[in-house]
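Asker: Structure incoming, see below.
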Amino acid sequence: MKLNIPAFVAALAVLLSAAHAETVRLAVTTSFHNSGLSDTLLPAIQQELGIEVQLLVVGTGQALRLGRNGDVDALLVHSRDAEEQFVAEGFGVRRCELMYNDFVLIGPKDDPAGVAAAASAAAALSAIATFEKRFVSRGDDSGTHTRELHIWSLADLDPDEFGSWYSEVGAGMGASLNTASALNAYILSDRASWLAFGNKGALALLYSGDAELHNQYAFLQVSQARHSHVKAELASRVERWLSGPRGGELINGFRLQGESLFRHNASCNG
């Protein structure tokens with residue numbers, strides 16, 4: 001058998017790079033991981049920067065707690081108010097907006113609450129509450145959960161006052177979508193997780209497009225002044241790569257089922 005020398009050398013270079021790669025611990029949201037985008041970005045970061053990014057996949061609330069405790073070097077999350085508080089309290093170096101997608105309302109194909117015809121996201125949730133149709137909430141302090149609560153508040157409704165039609169599952173996006181599929185219930189999801197979800201059952205995407213459903217992701221470096229062991233220089237290199245032209249090229253080019261899922265809109269403050 002003839003040895004393909006160029007291919008062999010390329011493969012050997014990748015193996016040697018992996019063996020000597022420095023590591024960064026990055027807490028990321030379940031929605032980012034579910035999309036499959038990490039499978040595109042992480043190998044490119046390792047090959048081009050020599051940095052192995054180790055993911056901790058959690059909700060945004062848990063990711064911010066990991067950052068406060070110094071258990072990770074950086075975060076990739078999507079809850080602006082909580083992110084700005086994280087930086088203001090000195091736990092983060094700065095907030096670097098990186099990319100966005102959107103939230104969507106999923107529900108039974110026959111749409112018994114009529115949310116597809118709603119004038120706004122708040123009106124859609126209000127209709128679900130009016131007819132007391134089954135609704136599944138992540139209930140896990142994630143960015144998606146936080147946005148859901150915000151939209152309920154826009155509708156002047158409080159989930160603490162809801163009856164048994166409203167179910168908090170305290171789980172990630174995939175598990176929550178599975179529950180919604182089993183119950184044939186409404187749920188708020190990010191678009192990427194919905195497209196990647198394989199157990200749709202009788203559910204369909206019913207509502208999208210409201211400005212309140214804009215879903216901005218940001219990269220936060222954990223402050224080395226708070227936690228001296230944090231790999232600040234490596235995290236900064238990852239941030240520059242993600243916010244730069246190469247990161248933008250891969251993020252904008254990533255597609256699932258032929259659909260573009262994220263738009264790169266990097267803007268770093270501080």
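Letters for chains follow the order of the structure tokens (A, B, ...), residue numbers begin at 1 for each chain, and ligand numbers begin at 1 in the order shown.
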Just the residues within 8 Å of Asp140 (chain A), please, counting only C-alpha atoms, with nothing from its chain fewer than 2 positions along; format it as a PyMOL selection string.

Answerer: chain A and resi 59+61+138+142+145+169-172

Asker: With distances taken over only C-alpha atoms, which of A:Leu42, A:Ala180, A:Ala118, A:Val77 is nearest to Gln216 (chain A)?

Answerer: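 Going through A:Leu42, A:Ala180, A:Ala118, A:Val77 one by one, the smallest distance to Gln216 (chain A) is for A:Val77.
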
Asker: I'd like the contact shell of region 147-160 of chain A - 12 Å cut-off, only C-alpha atoms, skipping same-chain residues fewer than 6 positions apart - returned as a PyMOL selection string.

Answerer: chain A and resi 60+78-82+102-105+120-130+132+135-141+166-168+186-190+210-216

Asker: For region 217-231 of chain A, please output as a ChimeraX atom specification all residues within 9 Å (counting only C-alpha atoms; exclusion window: fewer than 5 positions along the same chain).

Answerer: /A:23-25,32,67-80,83,86-87,90-101,236,239,242,266,268

Asker: Considering only strand (DSSP E or B) as DSSP defines it on the backbone, what residues of region 58-266 of chain A qualify? List them as a PyMOL selection string.

Answerer: chain A and resi 58+74-77+92-108+135-137+166-168+186-190+203-207+214-222+255-256+259-260+263-266

Asker: For CA of Ser193 (chain A) and CA of Thr40 (chain A), quote the distance in Å rounded to one decimal.

Answerer: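 Computing the Euclidean distance for CA of Ser193 (chain A) and CA of Thr40 (chain A) yields 15.8 Å.
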
Asker: Could you tell me how far CA of Leu261 (chain A) lies from CA of Ala175 (chain A), in Å and to one decimal?

Answerer: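 Separation of CA of Leu261 (chain A) and CA of Ala175 (chain A): 20.5 Å.
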
Asker: Hey, what's within 9 Å of Val58 (chain A) if we count only C-alpha atoms and toss same-chain stuff fewer than 5 positions away? As a PyMOL selection string, please?

Answerer: chain A and resi 27-30+63+142+172

Asker: Quick one, how far is CA of Gln46 (chain A) from CA of Phe254 (chain A)?

Answerer: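 We find that CA of Gln46 (chain A) and CA of Phe254 (chain A) lie 17.9 Å from each other.
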
Asker: So that I can check the surroundings of Pro108 (chain A), please list as a PyMOL selection string every protein, DNA and RNA residue that reaches within 7 Å of it, counting only C-alpha atoms and ignoring chain neighbours fewer than 4 positions away.

Answerer: chain A and resi 184-186+202-204

Asker: Would you save the residues of that selection, restricted to all heavy atoms, as a CSV table (one decimal), in the first residue's frame?

Answerer:
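So part-v1.csv came out as:
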chain,number,residue,atom,x,y,z
A,184,ASN,N,-47.0,17.0,24.5
A,184,ASN,CA,-47.6,17.8,23.4
A,184,ASN,C,-47.9,19.3,23.9
A,184,ASN,O,-49.0,19.8,23.8
A,184,ASN,CB,-48.9,17.2,22.9
A,184,ASN,CG,-49.2,17.6,21.5
A,184,ASN,OD1,-48.3,18.0,20.7
A,184,ASN,ND2,-50.5,17.7,21.2
A,185,ALA,N,-46.8,19.9,24.5
A,185,ALA,CA,-47.0,21.1,25.2
A,185,ALA,C,-46.2,22.2,24.5
A,185,ALA,O,-45.4,22.0,23.6
A,185,ALA,CB,-46.4,21.0,26.6
A,186,TYR,N,-46.5,23.5,24.8
A,186,TYR,CA,-45.8,24.6,24.3
A,186,TYR,C,-44.5,24.8,25.1
A,186,TYR,O,-44.4,24.4,26.3
A,186,TYR,CB,-46.6,25.9,24.5
A,186,TYR,CG,-47.8,26.0,23.6
A,186,TYR,CD1,-49.1,25.6,24.1
A,186,TYR,CD2,-47.7,26.5,22.3
A,186,TYR,CE1,-50.2,25.7,23.2
A,186,TYR,CE2,-48.8,26.6,21.5
A,186,TYR,CZ,-50.1,26.2,22.0
A,186,TYR,OH,-51.2,26.3,21.1
A,202,ALA,N,-45.4,15.6,17.7
A,202,ALA,CA,-46.4,16.4,17.1
A,202,ALA,C,-46.2,17.9,17.3
A,202,ALA,O,-47.1,18.7,17.1
A,202,ALA,CB,-47.8,16.1,17.7
A,203,LEU,N,-45.0,18.3,17.6
A,203,LEU,CA,-44.7,19.7,17.8
A,203,LEU,C,-44.2,20.4,16.5
A,203,LEU,O,-43.7,19.8,15.6
A,203,LEU,CB,-43.6,19.9,18.9
A,203,LEU,CG,-43.9,19.3,20.3
A,203,LEU,CD1,-42.8,19.6,21.2
A,203,LEU,CD2,-45.2,19.9,20.8
A,204,ALA,N,-44.4,21.7,16.5
A,204,ALA,CA,-43.9,22.5,15.4
A,204,ALA,C,-43.5,23.9,15.8
A,204,ALA,O,-43.9,24.4,16.9
A,204,ALA,CB,-45.1,22.7,14.3

Asker: Would you please work out which residue, of A:Ala117, A:Gln85, A:Asp110, A:Leu26, is nearest to Ile51 (chain A) when using only C-alpha atoms?

Answerer: A:Leu26
